[in-house]
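The file target.pdb contains PDB, C-alpha atoms and all ligand atoms:
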```
ATOM      1  CA  MET A  29      33.428 110.319 -74.903
ATOM      2  CA  ALA A  30      30.004 110.773 -76.550
ATOM      3  CA  LYS A  31      28.313 108.858 -79.357
ATOM      4  CA  ILE A  32      26.895 110.671 -82.393
ATOM      5  CA  ILE A  33      24.120 108.888 -84.293
ATOM      6  CA  ILE A  34      23.001 110.282 -87.639
ATOM      7  CA  ASN A  35      19.598 109.276 -88.940
ATOM      8  CA  PRO A  36      17.835 108.257 -91.139
ATOM      9  CA  ASP A  37      20.963 106.399 -92.336
ATOM     10  CA  ASN A  38      21.919 105.148 -88.843
ATOM     11  CA  ILE A  39      25.573 106.218 -89.075
ATOM     12  CA  SER A  40      27.448 106.531 -85.791
ATOM     13  CA  PHE A  41      30.846 107.606 -84.480
ATOM     14  CA  ASN A  42      32.402 108.614 -81.179
ATOM     15  CA  THR A  43      33.538 112.119 -80.366
ATOM     16  CA  GLU A  44      35.259 114.047 -77.557
ATOM     17  CA  ILE A  45      33.924 117.328 -76.193
ATOM     18  CA  SER A  46      37.214 119.064 -77.065
ATOM     19  CA  GLN A  47      36.480 118.706 -80.813
ATOM     20  CA  THR A  48      33.534 119.859 -82.898
ATOM     21  CA  ILE A  49      31.244 117.197 -84.347
ATOM     22  CA  LEU A  50      32.273 118.321 -87.832
ATOM     23  CA  GLU A  51      36.012 118.044 -87.077
ATOM     24  CA  VAL A  52      35.635 114.480 -85.820
ATOM     25  CA  ALA A  53      33.395 113.435 -88.721
ATOM     26  CA  LEU A  54      35.788 114.822 -91.352
ATOM     27  CA  SER A  55      38.790 113.188 -89.643
ATOM     28  CA  GLN A  56      36.932 109.882 -90.085
ATOM     29  CA  HIS A  57      36.257 110.609 -93.790
ATOM     30  CA  LEU A  58      32.557 111.196 -93.158
ATOM     31  CA  ASN A  59      31.629 114.184 -95.313
ATOM     32  CA  LEU A  60      28.959 115.858 -93.186
ATOM     33  CA  PRO A  61      27.396 118.977 -94.770
ATOM     34  CA  HIS A  62      29.752 121.935 -94.393
ATOM     35  CA  GLY A  63      31.283 124.943 -96.120
ATOM     36  CA  CYS A  64      33.252 127.622 -94.242
ATOM     37  CA  LYS A  65      33.935 125.526 -91.088
ATOM     38  CA  ASN A  66      33.771 128.721 -89.001
ATOM     39  CA  GLY A  67      30.104 129.372 -88.306
ATOM     40  CA  THR A  68      29.442 131.897 -91.036
ATOM     41  CA  CYS A  69      27.897 130.112 -94.035
ATOM     42  CA  GLY A  70      25.151 127.931 -92.526
ATOM     43  CA  ALA A  71      25.944 124.929 -94.755
ATOM     44  CA  CYS A  72      26.399 122.671 -91.707
ATOM     45  CA  LYS A  73      23.060 123.588 -90.098
ATOM     46  CA  CYS A  74      21.092 120.507 -89.073
ATOM     47  CA  LYS A  75      18.417 119.335 -86.650
ATOM     48  CA  VAL A  76      19.294 117.798 -83.288
ATOM     49  CA  ILE A  77      16.805 115.061 -82.375
ATOM     50  CA  SER A  78      18.162 114.433 -78.895
ATOM     51  CA  GLY A  79      21.169 115.134 -76.706
ATOM     52  CA  ASP A  80      22.982 118.136 -75.299
ATOM     53  CA  ILE A  81      25.236 120.300 -77.468
ATOM     54  CA  ILE A  82      27.531 123.185 -76.514
ATOM     55  CA  LEU A  83      27.986 125.760 -79.270
ATOM     56  CA  ASP A  84      31.076 127.916 -79.786
ATOM     57  CA  LYS A  85      30.593 131.559 -80.847
ATOM     58  CA  TYR A  86      29.007 131.867 -84.307
ATOM     59  CA  ASN A  87      27.319 134.402 -86.588
ATOM     60  CA  GLN A  88      23.760 134.927 -85.238
ATOM     61  CA  LYS A  89      22.496 135.810 -88.720
ATOM     62  CA  ILE A  90      23.247 132.221 -89.764
ATOM     63  CA  LEU A  91      21.487 130.485 -86.858
ATOM     64  CA  ASN A  92      18.853 132.711 -85.277
ATOM     65  CA  GLU A  93      17.169 132.238 -81.882
ATOM     66  CA  ASP A  94      14.012 130.735 -83.438
ATOM     67  CA  GLU A  95      16.000 128.076 -85.266
ATOM     68  CA  LYS A  96      18.019 127.364 -82.136
ATOM     69  CA  ASN A  97      14.807 126.922 -80.132
ATOM     70  CA  GLN A  98      13.542 124.538 -82.800
ATOM     71  CA  GLY A  99      16.612 122.376 -82.196
ATOM     72  CA  TYR A 100      18.887 123.384 -85.068
ATOM     73  CA  THR A 101      22.641 123.547 -84.614
ATOM     74  CA  LEU A 102      25.825 124.291 -86.568
ATOM     75  CA  LEU A 103      28.013 121.198 -86.768
ATOM     76  CA  CYS A 104      31.207 123.229 -87.201
ATOM     77  CA  LYS A 105      30.557 124.924 -83.832
ATOM     78  CA  ALA A 106      28.902 122.047 -81.960
ATOM     79  CA  HIS A 107      30.513 119.996 -79.187
ATOM     80  CA  ALA A 108      28.582 116.973 -77.915
ATOM     81  CA  ASN A 109      28.090 117.144 -74.150
ATOM     82  CA  THR A 110      26.127 113.843 -74.143
ATOM     83  CA  ASP A 111      25.249 111.207 -76.747
ATOM     84  CA  VAL A 112      23.575 113.078 -79.612
ATOM     85  CA  GLU A 113      21.167 112.049 -82.365
ATOM     86  CA  LEU A 114      21.133 114.230 -85.515
ATOM     87  CA  TYR A 115      18.833 114.242 -88.520
ATOM     88  CA  ILE A 116      20.743 114.674 -91.807
ATOM     89  CA  PRO A 117      18.959 113.222 -94.858
ATOM     90  CA  ASN A 118      20.682 111.971 -98.035
ATOM     91  CA  LEU A 119      24.039 111.546 -96.344
ATOM     92  CA  LEU A 120      24.865 108.316 -98.125
ATOM     93  CA  ASN A 121      23.955 109.883-101.453
ATOM     94  CA  SER A 122      27.448 111.340-101.871
ATOM     95  CA  PHE A 123      30.895 110.376-103.101
ATOM     96  CA  PRO A 124      33.236 108.688-100.603
ATOM     97  CA  VAL A 125      36.074 110.834 -99.251
ATOM     98  CA  LYS A 126      39.402 109.290-100.295
ATOM     99  CA  THR A 127      43.077 110.082 -99.840
ATOM    100  CA  LEU A 128      44.750 109.646-103.216
ATOM    101  CA  PRO A 129      47.900 110.466-105.183
ATOM    102  CA  ALA A 130      47.554 112.635-108.292
ATOM    103  CA  LYS A 131      50.131 113.159-111.048
ATOM    104  CA  ILE A 132      50.587 116.717-112.338
ATOM    105  CA  THR A 133      49.810 116.845-116.064
ATOM    106  CA  SER A 134      49.800 120.586-116.701
ATOM    107  CA  ILE A 135      50.847 123.832-115.003
ATOM    108  CA  VAL A 136      49.752 127.078-116.672
ATOM    109  CA  LYS A 137      50.447 130.439-115.046
ATOM    110  CA  ILE A 138      48.268 133.421-115.943
ATOM    111  CA  GLY A 139      49.419 136.470-113.991
ATOM    112  CA  SER A 140      49.231 135.579-110.302
ATOM    113  CA  ILE A 141      47.075 132.475-110.901
ATOM    114  CA  ALA A 142      48.407 128.972-111.570
ATOM    115  CA  ILE A 143      46.033 126.510-113.201
ATOM    116  CA  LEU A 144      47.083 123.005-112.205
ATOM    117  CA  LYS A 145      45.754 119.842-113.765
ATOM    118  CA  CYS A 146      46.416 116.421-112.309
ATOM    119  CA  LYS A 147      45.240 112.867-112.822
ATOM    120  CA  THR A 148      44.223 110.298-110.234
ATOM    121  CA  PRO A 149      45.305 106.636-110.688
ATOM    122  CA  PRO A 150      43.060 104.921-113.303
ATOM    123  CA  LYS A 151      42.099 102.138-110.896
ATOM    124  CA  GLN A 152      41.159 104.521-108.064
ATOM    125  CA  LYS A 153      37.830 105.981-109.144
ATOM    126  CA  PHE A 154      37.389 109.514-107.821
ATOM    127  CA  GLY A 155      33.929 111.066-108.141
ATOM    128  CA  PHE A 156      32.815 114.551-107.079
ATOM    129  CA  PHE A 157      29.989 117.022-107.466
ATOM    130  CA  ALA A 158      30.600 120.314-109.284
ATOM    131  CA  GLY A 159      31.381 122.847-106.542
ATOM    132  CA  GLN A 160      33.213 120.506-104.112
ATOM    133  CA  TYR A 161      36.824 120.907-103.014
ATOM    134  CA  ILE A 162      39.916 118.867-102.146
ATOM    135  CA  GLU A 163      42.602 119.275 -99.502
ATOM    136  CA  ILE A 164      46.154 119.105-100.837
ATOM    137  CA  MET A 165      48.520 117.537 -98.302
ATOM    138  CA  LEU A 166      51.988 119.034 -98.370
ATOM    139  CA  ASN A 167      54.720 118.787 -95.723
ATOM    140  CA  GLY A 168      52.233 117.951 -92.969
ATOM    141  CA  LYS A 169      49.908 120.829 -93.850
ATOM    142  CA  ASN A 170      46.561 120.707 -95.667
ATOM    143  CA  ARG A 171      45.439 123.410 -98.084
ATOM    144  CA  SER A 172      41.900 123.554 -99.480
ATOM    145  CA  TYR A 173      41.263 124.172-103.186
ATOM    146  CA  SER A 174      37.971 124.005-105.049
ATOM    147  CA  ILE A 175      37.863 121.655-108.014
ATOM    148  CA  ALA A 176      37.605 123.878-111.095
ATOM    149  CA  ASN A 177      36.566 121.342-113.734
ATOM    150  CA  TYR A 178      33.823 118.810-114.063
ATOM    151  CA  SER A 179      34.517 115.333-115.354
ATOM    152  CA  GLU A 180      31.976 112.547-115.162
ATOM    153  CA  ASP A 181      34.597 109.868-114.526
ATOM    154  CA  GLY A 182      36.456 112.186-112.136
ATOM    155  CA  GLY A 183      39.890 111.130-113.468
ATOM    156  CA  GLU A 184      41.221 114.646-113.987
ATOM    157  CA  ILE A 185      41.206 117.440-111.425
ATOM    158  CA  GLU A 186      41.874 121.126-112.084
ATOM    159  CA  ILE A 187      42.596 123.637-109.307
ATOM    160  CA  HIS A 188      43.380 127.378-109.390
ATOM    161  CA  VAL A 189      46.131 128.596-107.074
ATOM    162  CA  LYS A 190      46.541 132.304-106.371
ATOM    163  CA  TYR A 191      50.128 133.338-105.612
ATOM    164  CA  HIS A 192      50.641 134.638-102.065
ATOM    165  CA  LYS A 193      54.167 135.675-101.138
ATOM    166  CA  GLY A 194      55.368 133.238 -98.472
ATOM    167  CA  GLY A 195      52.313 131.012 -98.935
ATOM    168  CA  VAL A 196      53.245 127.391 -98.243
ATOM    169  CA  PHE A 197      51.523 125.876-101.258
ATOM    170  CA  SER A 198      51.768 128.769-103.682
ATOM    171  CA  GLU A 199      55.558 129.150-103.150
ATOM    172  CA  PHE A 200      55.842 125.410-103.772
ATOM    173  CA  VAL A 201      53.776 125.695-106.968
ATOM    174  CA  TRP A 202      55.773 128.673-108.254
ATOM    175  CA  ASN A 203      59.244 127.392-107.338
ATOM    176  CA  GLU A 204      59.243 123.586-107.199
ATOM    177  CA  LEU A 205      56.247 121.946-108.810
ATOM    178  CA  LYS A 206      56.864 120.308-112.187
ATOM    179  CA  ASP A 207      54.939 118.111-114.610
ATOM    180  CA  ASN A 208      54.713 114.438-113.542
ATOM    181  CA  MET A 209      55.309 115.200-109.871
ATOM    182  CA  ILE A 210      52.895 113.481-107.487
ATOM    183  CA  LEU A 211      50.708 115.333-104.997
ATOM    184  CA  ARG A 212      48.537 113.740-102.329
ATOM    185  CA  PHE A 213      45.061 115.008-101.635
ATOM    186  CA  LYS A 214      41.910 114.216 -99.672
ATOM    187  CA  GLY A 215      38.443 114.652-101.098
ATOM    188  CA  PRO A 216      35.893 115.316-102.355
ATOM    189  CA  LEU A 217      34.838 117.623 -99.516
ATOM    190  CA  GLY A 218      32.187 120.252 -98.905
ATOM    191  CA  ASN A 219      28.538 120.533 -99.742
ATOM    192  CA  PHE A 220      28.632 123.496-102.076
ATOM    193  CA  LYS A 221      27.193 121.889-105.152
ATOM    194  CA  LEU A 222      24.782 122.529-107.981
ATOM    195  CA  GLN A 223      21.221 121.531-107.081
ATOM    196  CA  ASN A 224      19.195 119.354-109.373
ATOM    197  CA  SER A 225      16.610 121.899-110.548
ATOM    198  CA  LYS A 226      15.750 124.123-113.490
ATOM    199  CA  LYS A 227      15.418 127.389-111.587
ATOM    200  CA  PRO A 228      17.296 130.385-112.980
ATOM    201  CA  ILE A 229      20.583 130.777-111.151
ATOM    202  CA  ILE A 230      22.871 133.565-110.068
ATOM    203  CA  LEU A 231      26.531 132.672-109.700
ATOM    204  CA  VAL A 232      28.635 135.122-107.694
ATOM    205  CA  CYS A 233      32.367 134.919-107.077
ATOM    206  CA  THR A 234      35.464 136.907-106.236
ATOM    207  CA  GLY A 235      39.067 136.014-107.140
ATOM    208  CA  THR A 236      39.699 132.276-107.450
ATOM    209  CA  GLY A 237      36.172 131.719-106.123
ATOM    210  CA  PHE A 238      35.694 131.439-109.876
ATOM    211  CA  ALA A 239      37.088 127.853-109.696
ATOM    212  CA  PRO A 240      33.973 126.023-108.353
ATOM    213  CA  ILE A 241      31.777 128.324-110.437
ATOM    214  CA  LYS A 242      33.662 127.129-113.533
ATOM    215  CA  SER A 243      33.029 123.530-112.447
ATOM    216  CA  ILE A 244      29.314 124.291-112.053
ATOM    217  CA  LEU A 245      29.191 125.908-115.507
ATOM    218  CA  GLU A 246      30.960 122.906-117.067
ATOM    219  CA  SER A 247      28.521 120.507-115.420
ATOM    220  CA  ILE A 248      25.516 122.502-116.727
ATOM    221  CA  LEU A 249      27.095 122.458-120.178
ATOM    222  CA  LYS A 250      27.618 118.677-120.023
ATOM    223  CA  SER A 251      24.118 117.998-118.668
ATOM    224  CA  GLY A 252      22.492 119.887-121.538
ATOM    225  CA  VAL A 253      19.897 121.251-119.062
ATOM    226  CA  GLU A 254      18.653 124.697-120.159
ATOM    227  CA  ARG A 255      18.964 127.178-117.293
ATOM    228  CA  GLN A 256      19.079 130.929-117.238
ATOM    229  CA  ILE A 257      22.442 131.831-115.684
ATOM    230  CA  ASN A 258      23.721 135.211-114.486
ATOM    231  CA  LEU A 259      27.383 135.262-113.500
ATOM    232  CA  TYR A 260      28.872 138.085-111.399
ATOM    233  CA  TRP A 261      32.660 137.908-110.965
ATOM    234  CA  GLY A 262      34.375 140.582-108.935
ATOM    235  CA  ASN A 263      38.058 141.474-108.724
ATOM    236  CA  ARG A 264      40.082 144.499-107.699
ATOM    237  CA  ASN A 265      41.940 144.926-110.990
ATOM    238  CA  GLN A 266      41.524 143.856-114.587
ATOM    239  CA  GLN A 267      44.587 141.600-114.515
ATOM    240  CA  ASP A 268      42.996 139.481-111.755
ATOM    241  CA  PHE A 269      40.570 137.977-114.297
ATOM    242  CA  TYR A 270      41.604 134.853-116.192
ATOM    243  CA  LEU A 271      40.047 132.327-118.624
ATOM    244  CA  LEU A 272      37.794 135.032-120.085
ATOM    245  CA  ASP A 273      38.087 133.407-123.554
ATOM    246  CA  LYS A 274      36.575 130.230-122.138
ATOM    247  CA  LEU A 275      33.768 132.219-120.499
ATOM    248  CA  ASN A 276      32.998 134.005-123.750
ATOM    249  CA  GLU A 277      32.752 130.629-125.531
ATOM    250  CA  TRP A 278      30.245 129.453-122.924
ATOM    251  CA  LYS A 279      28.244 132.640-123.385
ATOM    252  CA  ILE A 280      27.354 131.313-126.828
ATOM    253  CA  GLN A 281      26.730 127.715-125.706
ATOM    254  CA  LEU A 282      24.756 128.472-122.537
ATOM    255  CA  ASN A 283      21.994 130.900-121.607
ATOM    256  CA  LEU A 284      24.683 132.879-119.766
ATOM    257  CA  LYS A 285      24.984 136.578-118.980
ATOM    258  CA  ILE A 286      28.387 137.629-117.620
ATOM    259  CA  THR A 287      29.049 140.719-115.508
ATOM    260  CA  LEU A 288      32.665 141.450-114.580
ATOM    261  CA  CYS A 289      32.974 143.903-111.683
ATOM    262  CA  LEU A 290      36.063 145.971-110.865
ATOM    263  CA  SER A 291      36.334 147.517-107.417
ATOM    264  CA  ARG A 292      39.676 149.368-107.688
ATOM    265  CA  GLU A 293      39.856 150.701-111.244
ATOM    266  CA  GLN A 294      37.691 151.644-114.217
ATOM    267  CA  GLN A 295      38.099 149.801-117.523
ATOM    268  CA  LEU A 296      36.060 149.520-120.695
ATOM    269  CA  GLY A 297      33.907 146.354-120.680
ATOM    270  CA  PHE A 298      33.928 146.059-116.894
ATOM    271  CA  ILE A 299      31.376 147.373-114.406
ATOM    272  CA  ASP A 300      32.692 149.750-111.794
ATOM    273  CA  GLY A 301      31.836 148.499-108.280
ATOM    274  CA  TYR A 302      31.354 145.426-106.109
ATOM    275  CA  VAL A 303      29.319 142.371-107.121
ATOM    276  CA  THR A 304      26.616 143.460-104.656
ATOM    277  CA  ASP A 305      26.267 146.837-106.456
ATOM    278  CA  CYS A 306      25.784 145.053-109.784
ATOM    279  CA  ILE A 307      23.211 142.568-108.433
ATOM    280  CA  ARG A 308      21.304 145.412-106.751
ATOM    281  CA  ASN A 309      21.218 147.315-110.049
ATOM    282  CA  ASP A 310      20.063 144.321-112.095
ATOM    283  CA  PHE A 311      17.381 142.718-109.897
ATOM    284  CA  GLU A 312      14.354 143.751-107.905
ATOM    285  CA  ASN A 313      13.101 140.323-106.931
ATOM    286  CA  LEU A 314      14.984 137.019-106.633
ATOM    287  CA  ASP A 315      12.008 135.074-105.350
ATOM    288  CA  ASP A 316      12.292 132.367-108.011
ATOM    289  CA  TYR A 317      16.122 132.122-108.150
ATOM    290  CA  GLU A 318      18.900 129.946-106.737
ATOM    291  CA  MET A 319      22.109 131.724-105.804
ATOM    292  CA  TYR A 320      25.613 130.232-105.542
ATOM    293  CA  ALA A 321      28.327 132.408-104.013
ATOM    294  CA  CYS A 322      32.008 131.584-103.614
ATOM    295  CA  GLY A 323      34.861 133.821-102.508
ATOM    296  CA  ASN A 324      35.865 135.952 -99.547
ATOM    297  CA  LEU A 325      33.706 135.879 -96.446
ATOM    298  CA  LYS A 326      32.769 139.583 -96.485
ATOM    299  CA  MET A 327      31.420 139.275-100.033
ATOM    300  CA  ILE A 328      29.395 136.179 -99.085
ATOM    301  CA  GLU A 329      27.882 137.929 -96.056
ATOM    302  CA  ASP A 330      27.036 141.041 -98.092
ATOM    303  CA  VAL A 331      25.477 139.046-100.936
ATOM    304  CA  TYR A 332      23.481 136.907 -98.473
ATOM    305  CA  GLU A 333      22.133 139.967 -96.699
ATOM    306  CA  LEU A 334      21.264 141.789 -99.916
ATOM    307  CA  SER A 335      19.607 138.853-101.635
ATOM    308  CA  THR A 336      17.652 137.365 -98.706
ATOM    309  CA  LEU A 337      16.694 140.546 -96.834
ATOM    310  CA  LYS A 338      16.156 142.996 -99.693
ATOM    311  CA  LEU A 339      15.565 140.947-102.851
ATOM    312  CA  ASN A 340      13.347 138.122-101.504
ATOM    313  CA  LEU A 341      15.699 135.238-102.269
ATOM    314  CA  LYS A 342      14.569 132.239-100.216
ATOM    315  CA  LYS A 343      17.269 131.410 -97.637
ATOM    316  CA  GLU A 344      17.175 127.728 -98.541
ATOM    317  CA  TYR A 345      18.170 128.613-102.118
ATOM    318  CA  PHE A 346      21.353 130.422-101.091
ATOM    319  CA  TYR A 347      24.424 128.167-101.350
ATOM    320  CA  SER A 348      27.879 129.409-100.464
ATOM    321  CA  ASP A 349      31.508 128.477-100.044
ATOM    322  CA  ALA A 350      33.491 131.094 -98.168
ATOM    323  CA  PHE A 351      37.262 130.890 -98.057
ATOM    324  CA  THR A 352      40.240 132.643 -96.629
ATOM    325  CA  PRO A 353      43.457 132.644 -98.664
ATOM    326  CA  SER A 354      45.663 129.618 -97.935
ATOM    327  CA  ILE A 355      48.921 131.176 -96.724
TER     328      ILE A 355
HETATM  329  S1  LIG A 401      28.546 127.536 -90.708
HETATM  330 FE1  LIG A 401      29.360 125.585 -90.322
HETATM  331  S2  LIG A 401      30.447 125.089 -92.107
HETATM  332 FE2  LIG A 401      29.783 127.133 -92.444
END
```
As structure tokens, please, write out the structure in this file.
Ligand code: FES
Amino acid sequence: MAKIIINPDNISFNTEISQTILEVALSQHLNLPHGCKNGTCGACKCKVISGDIILDKYNQKILNEDEKNQGYTLLCKAHANTDVELYIPNLLNSFPVKTLPAKITSIVKIGSIAILKCKTPPKQKFGFFAGQYIEIMLNGKNRSYSIANYSEDGGEIEIHVKYHKGGVFSEFVWNELKDNMILRFKGPLGNFKLQNSKKPIILVCTGTGFAPIKSILESILKSGVERQINLYWGNRNQQDFYLLDKLNEWKIQLNLKITLCLSREQQLGFIDGYVTDCIRNDFENLDDYEMYACGNLKMIEDVYELSTLKLNLKKEYFYSDAFTPSI
């Protein structure tokens, strides 16, 4: 057994070498910075002050040799071989992770997407940052879904569920879930969240990666902060897009430019190609921008490479949440 100490907040917990530091922290409801949980997004990168860590295989583009030599590690790939001290600032400046019931208040199906709304108990305050996610607990399995709305009191939660044939949660949603049923969930989780700044932002998503992007847009709308926003949303086919009416409303209320990209067909009003093609066509220099990307891992890697290596985006201003479909 090894002891993990996190400073400057002096938080500690015990871990075993068989588990990653991130796994143990999350199991104890300590929301350490993380995104993909598989060594590809860099959200869990942090500085090791002392101690010996063994790293599982990870994407070298995310943690390069220089950073490793400077003592940085990836918590989702790190096993403590001795007691370890980590430096992670602002850890206590976050919402507590809770396990709560939530009553379904609305189920709307648009094509292969179900938009679920549910309410947490009035006495159990649930707060979250726009961009975070929850884990739905069903029949002993957990499925991760980004929160798609933003509410200051946190009482209502919206998630977007894509139908996958045979998928544990999506089959349940399509065949069994009804209004007023109770689901249990754990959250808020993840560190993909809107930063407190006024920089122009680029939002990039594929599929239901639109969910946390919608939450971010709602939070900007509610804050009243003026920001220049470029949204790139990619899908294979036109029918994979949903809530376009809502987006068009926000186009008027926000300083928002929307680009919808289609990779498998050509349609009027949509740009032919991947989100990376569209960003490459529209920008020469992203030096002063923040970028938020959510969707499949390949898209995130491609956007990261394009924006940081070719378009001068500063690495520290790239925020991502990569996901694999929950089957
Ligand atoms: S690299 Fe560790 S959570 Fe993504």
Can you list what the PyMOL selection byres (((not hetatm)) within 6 of (chain A and resi 401)) grabs from this structure, as a PDB file with C-alpha atoms, in the coordinates of the input?
```pdb
ATOM      1  CA  HIS A  62      29.752 121.935 -94.393  1.00  0.00           C
ATOM      2  CA  GLY A  63      31.283 124.943 -96.120  1.00  0.00           C
ATOM      3  CA  CYS A  64      33.252 127.622 -94.242  1.00  0.00           C
ATOM      4  CA  LYS A  65      33.935 125.526 -91.088  1.00  0.00           C
ATOM      5  CA  ASN A  66      33.771 128.721 -89.001  1.00  0.00           C
ATOM      6  CA  GLY A  67      30.104 129.372 -88.306  1.00  0.00           C
ATOM      7  CA  THR A  68      29.442 131.897 -91.036  1.00  0.00           C
ATOM      8  CA  CYS A  69      27.897 130.112 -94.035  1.00  0.00           C
ATOM      9  CA  GLY A  70      25.151 127.931 -92.526  1.00  0.00           C
ATOM     10  CA  ALA A  71      25.944 124.929 -94.755  1.00  0.00           C
ATOM     11  CA  CYS A  72      26.399 122.671 -91.707  1.00  0.00           C
ATOM     12  CA  LEU A 102      25.825 124.291 -86.568  1.00  0.00           C
ATOM     13  CA  LEU A 103      28.013 121.198 -86.768  1.00  0.00           C
ATOM     14  CA  CYS A 104      31.207 123.229 -87.201  1.00  0.00           C
TER      15      CYS A 104
END
```
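If you look at atom CA of Glu51 of chain A and atom CA of Ile81 of chain A, they are 14.6 Å away from each other.
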Interatomic distance (Å, one decimal) between atom CA of Lys89 of chain A and atom CA of Ile328 of chain A: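 So the two atoms, atom CA of Lys89 of chain A and atom CA of Ile328 of chain A, lie 12.5 Å apart.
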Residues at most 9 Å from Ser335 of chain A, counting only C-alpha atoms, excluding those fewer than 3 positions away in the same chain, as a compact mmCIF listing (two decimals) with C-alpha atoms, in the frame of the given file?
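And here is the file that came out, part_18.txt:
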```
# COMPACT_ATOMS: atom_id res chain seq x y z
CA THR A 304 26.62 143.46 -104.66
CA ILE A 307 23.21 142.57 -108.43
CA ARG A 308 21.30 145.41 -106.75
CA ASN A 313 13.10 140.32 -106.93
CA LEU A 314 14.98 137.02 -106.63
CA MET A 319 22.11 131.72 -105.80
CA ASP A 330 27.04 141.04 -98.09
CA VAL A 331 25.48 139.05 -100.94
CA TYR A 332 23.48 136.91 -98.47
CA LYS A 338 16.16 143.00 -99.69
CA LEU A 339 15.56 140.95 -102.85
CA ASN A 340 13.35 138.12 -101.50
CA LEU A 341 15.70 135.24 -102.27
CA LYS A 342 14.57 132.24 -100.22
CA LYS A 343 17.27 131.41 -97.64
CA PHE A 346 21.35 130.42 -101.09
```
Check the smallest atom-to-atom distance from each of A:Ile210, A:Ile135, A:Val112, A:Ile229 to Asp316 of chain A using all atoms listed in the file, then report the winner.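 Checking each of A:Ile210, A:Ile135, A:Val112, A:Ile229 against Asp316 of chain A, counting all atoms listed in the file, the winner is A:Ile229.
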Would you compute the distance between atom CA of Leu290 of chain A and atom CA of Glu186 of chain A? Give it in Å to one decimal. 25.5 Å
Please identify all polymer residues within 7 Å of Ile143 of chain A, counting all atoms listed in the file, omitting same-chain residues fewer than 3 positions from it, and present them as a PyMOL selection string. chain A and resi 135-137+186-189
Keeping only C-alpha atoms, write the selected residues to a file as a PDB file, in the coordinates of the input.
```
ATOM      1  CA  ILE A 135      50.847 123.832-115.003  1.00  0.00           C
ATOM      2  CA  VAL A 136      49.752 127.078-116.672  1.00  0.00           C
ATOM      3  CA  LYS A 137      50.447 130.439-115.046  1.00  0.00           C
ATOM      4  CA  GLU A 186      41.874 121.126-112.084  1.00  0.00           C
ATOM      5  CA  ILE A 187      42.596 123.637-109.307  1.00  0.00           C
ATOM      6  CA  HIS A 188      43.380 127.378-109.390  1.00  0.00           C
ATOM      7  CA  VAL A 189      46.131 128.596-107.074  1.00  0.00           C
TER       8      VAL A 189
END
```
Pick out the residues sitting within 9 Å of Thr110 of chain A, and hand them over as a PyMOL selection string; count only C-alpha atoms, and ignore anything fewer than 4 positions along from it in its own chain. chain A and resi 29-32+45+79-81
Would you translate the PyMOL selection byres (((chain A and resi 128) around 7) and not hetatm) into the concrete set of residues it matches in this file, as JSON, numbers by chain? {"A": [126, 127, 129, 130, 212, 213, 214]}
Distance criterion (all atoms listed in the file): nearest to Ala176 of chain A out of A:Tyr260, A:Tyr345, A:Phe157, A:Phe123: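 For Ala176 of chain A, the nearest of the given residues is A:Phe157.
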Run through the PyMOL selection byres (((chain A and resi 169-171) around 9) and not hetatm) on the given coordinates and return the selected residues as a PyMOL selection string. chain A and resi 162-168+172-173+196-197+213-214+354-355
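If only C-alpha atoms are the atoms counted, then among A:Lys73, A:Lys279, A:Lys221, A:His107 the closest residue to Gln47 of chain A is A:His107.
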Compare A:Asp37, A:Asp300, A:Asp349, A:Asp207 by their minimum atom-to-atom distance to Glu329 of chain A, counting all atoms listed in the file, and give me the closest one. A:Asp349
Report, as lines of an AutoDock Vina configuration file, the axis-aligned box around all atoms of segment 58-73 of chain A present in the file, extended by 8 Å on each side; give centre and edge lengths in Å to one decimal place.
```
center_x = 28.5
center_y = 121.5
center_z = -92.2
size_x = 26.9
size_y = 36.7
size_z = 23.8
```
For Ser174 of chain A, the nearest of the candidates A:Leu91, A:Ile39, A:Ala350, A:Cys74, counting all atoms listed in the file: A:Ala350
Counting all atoms listed in the file, what is within 10 Å of Ser179 of chain A, bar same-chain residues fewer than 4 positions away, as a list in words?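 Selected residues are Phe154, Gly155, Phe156, Phe157, Ala158, Gly183, Glu184, Ile185, Glu186, Ser243, Glu246, Ser247 and Lys250 of chain A.
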For Leu284 of chain A, find every residue with an atom within 12 Å (counting all atoms listed in the file), except residues of its own chain fewer than 6 positions away, and show them as a list in words. Pro228, Ile229, Ile230, Leu231, Leu245, Ile248, Leu249, Glu254, Arg255, Gln256, Ile257, Asn258, Leu259, Tyr260, Leu275, Asn276, Glu277 and Trp278 of chain A
Got time to write the residues from that selection, C-alpha atoms, as a PDB file, in the coordinates of the input?
```pdb
ATOM      1  CA  PRO A 228      17.296 130.385-112.980  1.00  0.00           C
ATOM      2  CA  ILE A 229      20.583 130.777-111.151  1.00  0.00           C
ATOM      3  CA  ILE A 230      22.871 133.565-110.068  1.00  0.00           C
ATOM      4  CA  LEU A 231      26.531 132.672-109.700  1.00  0.00           C
ATOM      5  CA  LEU A 245      29.191 125.908-115.507  1.00  0.00           C
ATOM      6  CA  ILE A 248      25.516 122.502-116.727  1.00  0.00           C
ATOM      7  CA  LEU A 249      27.095 122.458-120.178  1.00  0.00           C
ATOM      8  CA  GLU A 254      18.653 124.697-120.159  1.00  0.00           C
ATOM      9  CA  ARG A 255      18.964 127.178-117.293  1.00  0.00           C
ATOM     10  CA  GLN A 256      19.079 130.929-117.238  1.00  0.00           C
ATOM     11  CA  ILE A 257      22.442 131.831-115.684  1.00  0.00           C
ATOM     12  CA  ASN A 258      23.721 135.211-114.486  1.00  0.00           C
ATOM     13  CA  LEU A 259      27.383 135.262-113.500  1.00  0.00           C
ATOM     14  CA  TYR A 260      28.872 138.085-111.399  1.00  0.00           C
ATOM     15  CA  LEU A 275      33.768 132.219-120.499  1.00  0.00           C
ATOM     16  CA  ASN A 276      32.998 134.005-123.750  1.00  0.00           C
ATOM     17  CA  GLU A 277      32.752 130.629-125.531  1.00  0.00           C
ATOM     18  CA  TRP A 278      30.245 129.453-122.924  1.00  0.00           C
TER      19      TRP A 278
END
```
